[in-house]
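This is data33.pdb (PDB, C-alpha atoms and all ligand atoms).
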ATOM      1  CA  MET A 802      -1.231 -21.337  70.672
ATOM      2  CA  ILE A 803       1.062 -21.376  73.730
ATOM      3  CA  ARG A 804       2.785 -24.473  75.102
ATOM      4  CA  LEU A 805       5.231 -24.111  77.996
ATOM      5  CA  ARG A 806       7.098 -27.035  79.532
ATOM      6  CA  ASP A 807       9.242 -26.774  82.669
ATOM      7  CA  LEU A 808       9.971 -23.149  81.802
ATOM      8  CA  ARG A 809      12.687 -21.658  83.987
ATOM      9  CA  LEU A 810      14.232 -18.235  84.360
ATOM     10  CA  THR A 811      17.165 -17.390  86.596
ATOM     11  CA  ILE A 812      18.817 -13.983  86.386
ATOM     12  CA  PRO A 813      22.325 -13.296  87.655
ATOM     13  CA  ALA A 814      22.533 -10.374  90.079
ATOM     14  CA  ALA A 815      25.334  -8.876  92.219
ATOM     15  CA  SER A 816      23.920 -10.564  95.325
ATOM     16  CA  GLY A 817      23.702 -13.964  93.553
ATOM     17  CA  PRO A 818      21.361 -15.596  91.036
ATOM     18  CA  VAL A 819      17.664 -14.690  91.300
ATOM     19  CA  ASN A 820      15.285 -17.568  90.562
ATOM     20  CA  ILE A 821      12.224 -16.020  88.973
ATOM     21  CA  LEU A 822      10.414 -18.907  87.263
ATOM     22  CA  LEU A 823      10.952 -22.407  88.624
ATOM     23  CA  GLY A 824       9.239 -24.700  86.134
ATOM     24  CA  ILE A 825       6.086 -23.452  84.447
ATOM     25  CA  ASP A 826       3.840 -25.820  82.471
ATOM     26  CA  LEU A 827       1.019 -24.156  80.572
ATOM     27  CA  ASP A 828      -1.122 -24.823  77.485
ATOM     28  CA  VAL A 829      -3.328 -22.124  75.974
ATOM     29  CA  ALA A 830      -5.578 -23.094  73.067
ATOM     30  CA  ALA A 831      -6.084 -20.839  70.050
ATOM     31  CA  GLY A 832      -8.832 -18.305  70.653
ATOM     32  CA  GLN A 833      -8.767 -18.799  74.435
ATOM     33  CA  THR A 834      -8.471 -15.853  76.835
ATOM     34  CA  ILE A 835      -6.352 -16.435  79.923
ATOM     35  CA  SER A 836      -5.405 -14.171  82.780
ATOM     36  CA  VAL A 837      -2.232 -14.477  84.848
ATOM     37  CA  LEU A 838      -2.659 -13.228  88.406
ATOM     38  CA  GLY A 839       0.008 -13.027  91.083
ATOM     39  CA  ALA A 840       1.508 -10.748  93.686
ATOM     40  CA  SER A 841       3.990  -8.063  92.718
ATOM     41  CA  GLY A 842       7.311  -9.715  91.943
ATOM     42  CA  SER A 843       5.784 -13.152  91.300
ATOM     43  CA  GLY A 844       7.192 -13.248  87.752
ATOM     44  CA  LYS A 845       4.196 -12.267  85.592
ATOM     45  CA  THR A 846       6.040  -9.768  83.395
ATOM     46  CA  SER A 847       9.017 -12.120  83.101
ATOM     47  CA  LEU A 848       6.683 -14.835  81.822
ATOM     48  CA  LEU A 849       5.238 -12.470  79.206
ATOM     49  CA  MET A 850       8.713 -11.394  78.072
ATOM     50  CA  LEU A 851       9.700 -15.050  77.574
ATOM     51  CA  ILE A 852       6.548 -15.853  75.579
ATOM     52  CA  ALA A 853       7.193 -12.763  73.417
ATOM     53  CA  GLY A 854      10.786 -13.857  72.812
ATOM     54  CA  LEU A 855      12.019 -10.617  74.393
ATOM     55  CA  GLU A 856      13.901 -12.519  77.080
ATOM     56  CA  ARG A 857      15.712 -15.887  76.909
ATOM     57  CA  ALA A 858      14.693 -18.748  79.175
ATOM     58  CA  THR A 859      17.337 -20.546  81.208
ATOM     59  CA  GLY A 860      15.490 -23.859  80.944
ATOM     60  CA  GLY A 861      12.465 -25.622  79.495
ATOM     61  CA  THR A 862      10.634 -25.044  76.239
ATOM     62  CA  ILE A 863       8.362 -22.354  74.811
ATOM     63  CA  GLU A 864       6.250 -22.970  71.753
ATOM     64  CA  VAL A 865       4.097 -20.171  70.402
ATOM     65  CA  ALA A 866       1.908 -20.817  67.346
ATOM     66  CA  GLY A 867       3.868 -24.029  66.824
ATOM     67  CA  GLN A 868       7.215 -22.225  66.797
ATOM     68  CA  ASN A 869       9.990 -23.161  69.233
ATOM     69  CA  ILE A 870      11.107 -19.683  70.317
ATOM     70  CA  ALA A 871      14.451 -20.802  71.764
ATOM     71  CA  ALA A 872      15.544 -22.084  68.349
ATOM     72  CA  LEU A 873      15.214 -18.649  66.737
ATOM     73  CA  ASP A 874      18.003 -16.076  66.540
ATOM     74  CA  GLU A 875      17.376 -12.396  67.325
ATOM     75  CA  ASP A 876      16.266 -11.446  63.777
ATOM     76  CA  ALA A 877      14.001 -14.455  63.415
ATOM     77  CA  ARG A 878      12.386 -13.667  66.768
ATOM     78  CA  ALA A 879      11.719 -10.090  65.639
ATOM     79  CA  ARG A 880      10.087 -11.399  62.443
ATOM     80  CA  PHE A 881       8.109 -13.934  64.468
ATOM     81  CA  ARG A 882       6.813 -11.153  66.755
ATOM     82  CA  LEU A 883       5.786  -8.999  63.800
ATOM     83  CA  ALA A 884       3.911 -11.879  62.166
ATOM     84  CA  THR A 885       2.290 -13.427  65.224
ATOM     85  CA  LEU A 886       1.988 -11.181  68.278
ATOM     86  CA  GLY A 887       0.606  -7.925  69.509
ATOM     87  CA  ILE A 888       1.792  -6.570  72.848
ATOM     88  CA  VAL A 889       0.194  -3.905  75.032
ATOM     89  CA  PHE A 890       2.003  -2.631  78.107
ATOM     90  CA  GLN A 891       0.946  -0.542  81.102
ATOM     91  CA  ALA A 892       3.017   2.354  79.753
ATOM     92  CA  PHE A 893       1.759   3.002  76.260
ATOM     93  CA  HIS A 894       5.183   3.071  74.533
ATOM     94  CA  LEU A 895       4.098   5.260  71.644
ATOM     95  CA  ILE A 896       6.724   7.127  69.633
ATOM     96  CA  PRO A 897       6.350  10.761  70.809
ATOM     97  CA  SER A 898       7.396  12.411  67.533
ATOM     98  CA  MET A 899       4.870  10.450  65.461
ATOM     99  CA  THR A 900       1.150  10.973  64.989
ATOM    100  CA  ALA A 901      -1.378   8.349  66.088
ATOM    101  CA  LEU A 902      -1.660   7.215  62.459
ATOM    102  CA  GLU A 903       2.113   6.900  62.051
ATOM    103  CA  ASN A 904       2.456   4.999  65.341
ATOM    104  CA  VAL A 905      -0.113   2.417  64.232
ATOM    105  CA  ALA A 906       1.370   2.212  60.725
ATOM    106  CA  VAL A 907       4.944   1.430  61.907
ATOM    107  CA  PRO A 908       4.586  -2.351  62.464
ATOM    108  CA  LEU A 909       2.574  -2.664  59.257
ATOM    109  CA  GLU A 910       5.288  -0.884  57.289
ATOM    110  CA  LEU A 911       7.936  -3.084  58.913
ATOM    111  CA  ALA A 912       5.902  -6.082  57.773
ATOM    112  CA  GLY A 913       6.023  -4.707  54.221
ATOM    113  CA  ARG A 914       2.371  -3.665  53.930
ATOM    114  CA  ARG A 915       1.978  -1.049  51.180
ATOM    115  CA  ASP A 916      -1.481  -0.116  52.465
ATOM    116  CA  ALA A 917      -0.133   0.476  55.989
ATOM    117  CA  HIS A 918      -1.728   3.920  56.365
ATOM    118  CA  ASP A 919      -5.173   2.762  55.204
ATOM    119  CA  ILE A 920      -5.127  -0.224  57.586
ATOM    120  CA  ALA A 921      -3.827   2.004  60.423
ATOM    121  CA  ALA A 922      -6.623   4.537  59.855
ATOM    122  CA  GLU A 923      -9.228   1.753  59.933
ATOM    123  CA  ALA A 924      -7.678   0.287  63.124
ATOM    124  CA  LEU A 925      -7.882   3.726  64.755
ATOM    125  CA  ARG A 926     -11.503   4.125  63.682
ATOM    126  CA  ARG A 927     -12.267   0.760  65.337
ATOM    127  CA  VAL A 928     -11.028   2.149  68.672
ATOM    128  CA  GLU A 929     -13.074   5.306  68.066
ATOM    129  CA  LEU A 930     -10.094   7.522  67.309
ATOM    130  CA  GLY A 931     -10.905   8.318  63.695
ATOM    131  CA  HIS A 932     -10.932  12.003  64.670
ATOM    132  CA  ARG A 933      -7.428  11.895  66.211
ATOM    133  CA  LEU A 934      -5.303  10.453  63.383
ATOM    134  CA  GLY A 935      -2.991  13.479  63.205
ATOM    135  CA  HIS A 936      -2.502  13.928  66.964
ATOM    136  CA  ARG A 937       0.833  13.196  68.629
ATOM    137  CA  PRO A 938       0.840  11.205  71.929
ATOM    138  CA  ALA A 939       1.331  14.383  74.025
ATOM    139  CA  GLN A 940      -1.890  15.733  72.506
ATOM    140  CA  LEU A 941      -3.879  12.660  73.594
ATOM    141  CA  SER A 942      -5.324  11.613  76.974
ATOM    142  CA  GLY A 943      -4.019   8.471  78.712
ATOM    143  CA  GLY A 944      -7.047   6.471  77.602
ATOM    144  CA  GLU A 945      -6.658   7.693  74.029
ATOM    145  CA  GLN A 946      -2.959   6.795  74.044
ATOM    146  CA  GLN A 947      -3.765   3.272  75.215
ATOM    147  CA  ARG A 948      -6.420   3.002  72.490
ATOM    148  CA  VAL A 949      -3.720   3.977  69.944
ATOM    149  CA  ALA A 950      -1.529   1.242  71.445
ATOM    150  CA  LEU A 951      -4.459  -1.203  71.080
ATOM    151  CA  ALA A 952      -4.972  -0.156  67.457
ATOM    152  CA  ARG A 953      -1.232  -0.642  66.826
ATOM    153  CA  ALA A 954      -1.296  -4.105  68.424
ATOM    154  CA  PHE A 955      -4.409  -5.266  66.537
ATOM    155  CA  ALA A 956      -3.827  -3.629  63.130
ATOM    156  CA  PRO A 957      -1.699  -6.538  61.802
ATOM    157  CA  THR A 958      -4.431  -8.974  63.109
ATOM    158  CA  PRO A 959      -2.108 -10.921  65.433
ATOM    159  CA  ARG A 960      -3.007 -14.463  66.454
ATOM    160  CA  LEU A 961      -1.908 -13.761  70.027
ATOM    161  CA  LEU A 962      -2.236 -10.623  72.125
ATOM    162  CA  LEU A 963      -0.040 -10.243  75.216
ATOM    163  CA  ALA A 964      -1.282  -7.543  77.586
ATOM    164  CA  ASP A 965       0.662  -6.499  80.711
ATOM    165  CA  GLU A 966      -1.514  -4.489  83.121
ATOM    166  CA  PRO A 967      -3.001  -2.485  80.220
ATOM    167  CA  THR A 968      -5.184  -0.416  82.562
ATOM    168  CA  GLY A 969      -2.507   0.191  85.213
ATOM    169  CA  ASN A 970      -2.052   3.857  84.262
ATOM    170  CA  LEU A 971      -5.735   4.632  83.730
ATOM    171  CA  ASP A 972      -8.604   5.638  85.998
ATOM    172  CA  LEU A 973     -11.313   3.040  86.624
ATOM    173  CA  GLU A 974     -13.789   4.237  84.011
ATOM    174  CA  THR A 975     -11.206   4.758  81.256
ATOM    175  CA  GLY A 976      -9.672   1.385  82.090
ATOM    176  CA  GLN A 977     -13.087  -0.230  81.702
ATOM    177  CA  THR A 978     -13.528   1.317  78.244
ATOM    178  CA  VAL A 979     -10.079   0.139  77.153
ATOM    179  CA  MET A 980     -10.749  -3.405  78.404
ATOM    180  CA  ASP A 981     -14.178  -3.525  76.726
ATOM    181  CA  LEU A 982     -12.435  -2.617  73.473
ATOM    182  CA  LEU A 983      -9.646  -5.123  74.030
ATOM    183  CA  PHE A 984     -12.057  -8.019  74.647
ATOM    184  CA  ALA A 985     -14.253  -6.961  71.708
ATOM    185  CA  LEU A 986     -11.227  -6.869  69.370
ATOM    186  CA  CYS A 987     -10.092 -10.306  70.574
ATOM    187  CA  ARG A 988     -13.580 -11.717  69.958
ATOM    188  CA  THR A 989     -13.870 -10.146  66.493
ATOM    189  CA  HIS A 990     -10.494 -11.428  65.333
ATOM    190  CA  GLY A 991     -10.489 -14.739  67.282
ATOM    191  CA  THR A 992      -7.260 -13.561  68.924
ATOM    192  CA  THR A 993      -5.820 -15.594  71.790
ATOM    193  CA  LEU A 994      -5.314 -13.334  74.821
ATOM    194  CA  LEU A 995      -2.849 -13.627  77.678
ATOM    195  CA  LEU A 996      -3.659 -10.865  80.148
ATOM    196  CA  ILE A 997      -1.468 -10.026  83.113
ATOM    197  CA  SER A 998      -3.298  -8.338  85.918
ATOM    198  CA  HIS A 999      -3.434  -7.673  89.631
ATOM    199  CA  ASP A1000      -7.181  -7.287  89.416
ATOM    200  CA  PRO A1001      -9.295 -10.432  90.042
ATOM    201  CA  VAL A1002     -12.432  -8.727  88.643
ATOM    202  CA  LEU A1003     -10.680  -8.017  85.348
ATOM    203  CA  ALA A1004      -9.130 -11.489  85.321
ATOM    204  CA  ALA A1005     -12.579 -13.029  85.747
ATOM    205  CA  ARG A1006     -13.535 -11.715  82.306
ATOM    206  CA  CYS A1007     -11.130 -14.269  80.786
ATOM    207  CA  ASP A1008     -12.023 -17.909  80.041
ATOM    208  CA  ARG A1009      -9.333 -19.057  82.477
ATOM    209  CA  ILE A1010      -7.219 -17.725  85.356
ATOM    210  CA  VAL A1011      -3.827 -18.986  86.511
ATOM    211  CA  THR A1012      -2.033 -17.670  89.578
ATOM    212  CA  LEU A1013       1.747 -17.412  89.838
ATOM    213  CA  ARG A1014       3.286 -17.868  93.257
ATOM    214  CA  ASN A1015       6.962 -18.339  94.120
ATOM    215  CA  GLY A1016       7.892 -18.980  90.500
ATOM    216  CA  VAL A1017       5.316 -21.693  89.782
ATOM    217  CA  ILE A1018       1.657 -21.861  88.829
ATOM    218  CA  ALA A1019      -0.093 -22.243  92.169
ATOM    219  CA  SER A1020      -3.619 -22.668  90.758
TER     220      SER A1020
HETATM  221  N1  LIG A1101      16.939  -7.945  85.472
HETATM  222  C1  LIG A1101      16.639  -8.402  86.691
HETATM  223  N2  LIG A1101      17.612  -8.620  87.603
HETATM  224  C2  LIG A1101      17.311  -9.114  88.830
HETATM  225  N3  LIG A1101      16.051  -9.385  89.241
HETATM  226  C3  LIG A1101      15.056  -9.178  88.397
HETATM  227  C4  LIG A1101      15.270  -8.666  87.062
HETATM  228  N4  LIG A1101      14.072  -8.576  86.429
HETATM  229  C5  LIG A1101      13.143  -8.994  87.325
HETATM  230  N5  LIG A1101      13.734  -9.347  88.505
HETATM  231  C6  LIG A1101      13.039  -9.845  89.700
HETATM  232  O1  LIG A1101      12.221 -10.928  89.299
HETATM  233  C7  LIG A1101      10.990 -10.956  90.032
HETATM  234  C8  LIG A1101       9.824 -11.017  89.066
HETATM  235  O2  LIG A1101       9.700  -9.787  88.352
HETATM  236  P1  LIG A1101       8.461  -9.500  87.392
HETATM  237  O3  LIG A1101       8.596  -8.126  86.867
HETATM  238  O4  LIG A1101       8.359 -10.620  86.408
HETATM  239  O5  LIG A1101       7.242  -9.598  88.426
HETATM  240  P2  LIG A1101       5.717  -9.204  88.256
HETATM  241  O6  LIG A1101       4.934 -10.332  88.828
HETATM  242  O7  LIG A1101       5.438  -8.819  86.860
HETATM  243  O8  LIG A1101       5.620  -7.944  89.220
HETATM  244  P3  LIG A1101       4.676  -6.632  89.151
HETATM  245  O9  LIG A1101       3.282  -7.139  89.353
HETATM  246  O10 LIG A1101       5.155  -5.807  90.302
HETATM  247  O11 LIG A1101       4.895  -5.990  87.823
HETATM  248  C9  LIG A1101      11.014  -9.717  90.907
HETATM  249  O12 LIG A1101      11.367 -10.119  92.211
HETATM  250  C10 LIG A1101      12.098  -8.843  90.304
HETATM  251  O13 LIG A1101      12.713  -8.070  91.286
END
Transcribe the structure of this file into structure tokens.
Ligand SMILES: Nc1ncnc2c1ncn2[C@@H]1O[C@H](COP(=O)(O)OP(=O)(O)OP(=O)(O)O)[C@@H](O)[C@H]1O
Amino acid sequence: MIRLRDLRLTIPAASGPVNILLGIDLDVAAGQTISVLGASGSGKTSLLMLIAGLERATGGTIEVAGQNIAALDEDARARFRLATLGIVFQAFHLIPSMTALENVAVPLELAGRRDAHDIAAEALRRVELGHRLGHRPAQLSGGEQQRVALARAFAPTPRLLLADEPTGNLDLETGQTVMDLLFALCRTHGTTLLLISHDPVLAARCDRIVTLRNGVIAS
């Protein structure tokens, strides 16, 4: 599902170029769950942004679901994301003016699904938010907002879920509930998971752990 070869990222900055990733090689099989650990600033989020096609690599190759991301232009990458990936961030990134149902329906509508609202309602019921369809994000708790974000990510049944510290803004117990749901959804749909975390206990729930250090995979 993911194949990275000598992946490099250098970003220009006022004080000179910043080398963030210095040659990453990684293979993740379909259906596998993998966690990326590493200290703050080790390049975890940068790696996720490259795999999602939200950032351009400065070297190496990225294949996701057999697609060479670097070969795609901006529009093609957006279509590729819609068809292939779900992403969940630490901040929930819901649209404040929209209800939970509308937030989950957006990517489905963009993908041309006529039954977007029915699928969105079902996705929200699966994260136990069937009673909150008409609530806006400000009317939901943090845990509920992240469950809406999970429903939005899983509603189009993506082959790959990218999760960046999805429990970072939640208390321990709420975070546990969200992660139980996330792993259950991955299992049900056979979704490949790449989970970025600081937390070794959470990481240990994945099939595999890799650790980023100084821009390379240290273990
Ligand atoms: N646009 C940018 N310009 C310059 N430096 C950047 C930029 N984006 C990221 N960096 C630097 O790249 C390094 C890696 O950042 P990244 O966000 O990928 O780390 P991370 O491992 O996800 O950290 P955290 O766990 O704190 O979220 C950091 O040192 C950061 O300061």
Write out as a PyMOL selection string each polymer residue (protein, DNA or RNA) that has an atom no more than 9 Å from ligand LIG 1101 (chain A), with all atoms listed in the file counted. chain A and resi 811-815+818-822+838-850+965-966+997-999+1013-1014+1016
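Note that CA of Asp1008 (chain A) and CA of Ala924 (chain A) are 25.2 Å apart.
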Closest pair table for region 927-965 of chain A residues within 6 Å of region 880-894 of chain A, all atoms listed in the file, as CSV:
residue,atom,partner,partner_atom,distance
A:Gln947,CA,A:Phe893,CA,5.6
A:Ala954,CA,A:Gly887,CA,4.4
A:Pro959,CA,A:Leu886,CA,5.0
A:Arg960,CA,A:Thr885,CA,5.5
A:Leu961,CA,A:Leu886,CA,5.0
A:Leu962,CA,A:Gly887,CA,4.7
A:Leu963,CA,A:Ile888,CA,4.7
A:Ala964,CA,A:Val889,CA,4.7
A:Asp965,CA,A:Phe890,CA,4.9
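Between CA of Ala901 (chain A) and CA of Leu934 (chain A) the separation is 5.2 Å.
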Translate the PyMOL selection byres (((chain A and resi 937-943) around 12) and not hetatm) into a concrete residue list for this structure, as a PyMOL selection string. chain A and resi 891-905+930+932-936+944-950+967-972+974-976+978-979
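Restricting the calculation to all atoms listed in the file, the smallest distance between Ala831 (chain A) and any of A:Arg926, A:Arg804, A:Arg857, A:Arg1006 is found for A:Arg804.
The interatomic distance for the pair CA of Leu994 (chain A) and CA of Leu810 (chain A) works out to 22.3 Å.
Those residues that approach Cys1007 (chain A) to within 10 Å, counting only C-alpha atoms, are A:Gln833, A:Thr834, A:Ile835, A:Ser836, A:Val837, A:Phe984, A:Leu994, A:Leu995, A:Leu996, A:Val1002, A:Leu1003; same-chain residues fewer than 4 positions away are not listed.
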List, as a PyMOL selection string, every residue that the PyMOL selection byres (((chain A and resi 854) around 9) and not hetatm) selects in the file provided. chain A and resi 849-853+855-858+870-871+873+875+878-879+881-882
Residues returned when the PyMOL selection byres (((chain A and resi 806) around 7) and not hetatm) runs on this file, as a PyMOL selection string: chain A and resi 804-805+807-808+825-827+861-863
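The nearest approach to Ala866 (chain A) among the residues A:Met802, A:Ala906, A:Thr992, A:Ala1004, with all atoms listed in the file taken into account, belongs to A:Met802.
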How big is the axis-aligned box around the listed atoms of region 916-928 of chain A once 4 Å is added on each side, and where is its centre? Give both in Å to one decimal, as AutoDock Vina command-line options.
--center_x -6.2 --center_y 2.2 --center_z 60.6 --size_x 20.1 --size_y 12.8 --size_z 24.2
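Nearest-residue note for Val928 (chain A): choosing from A:Ala877, A:Ala872, A:Arg1009, A:Leu986, the minimum distance belongs to A:Leu986, counting all atoms listed in the file.
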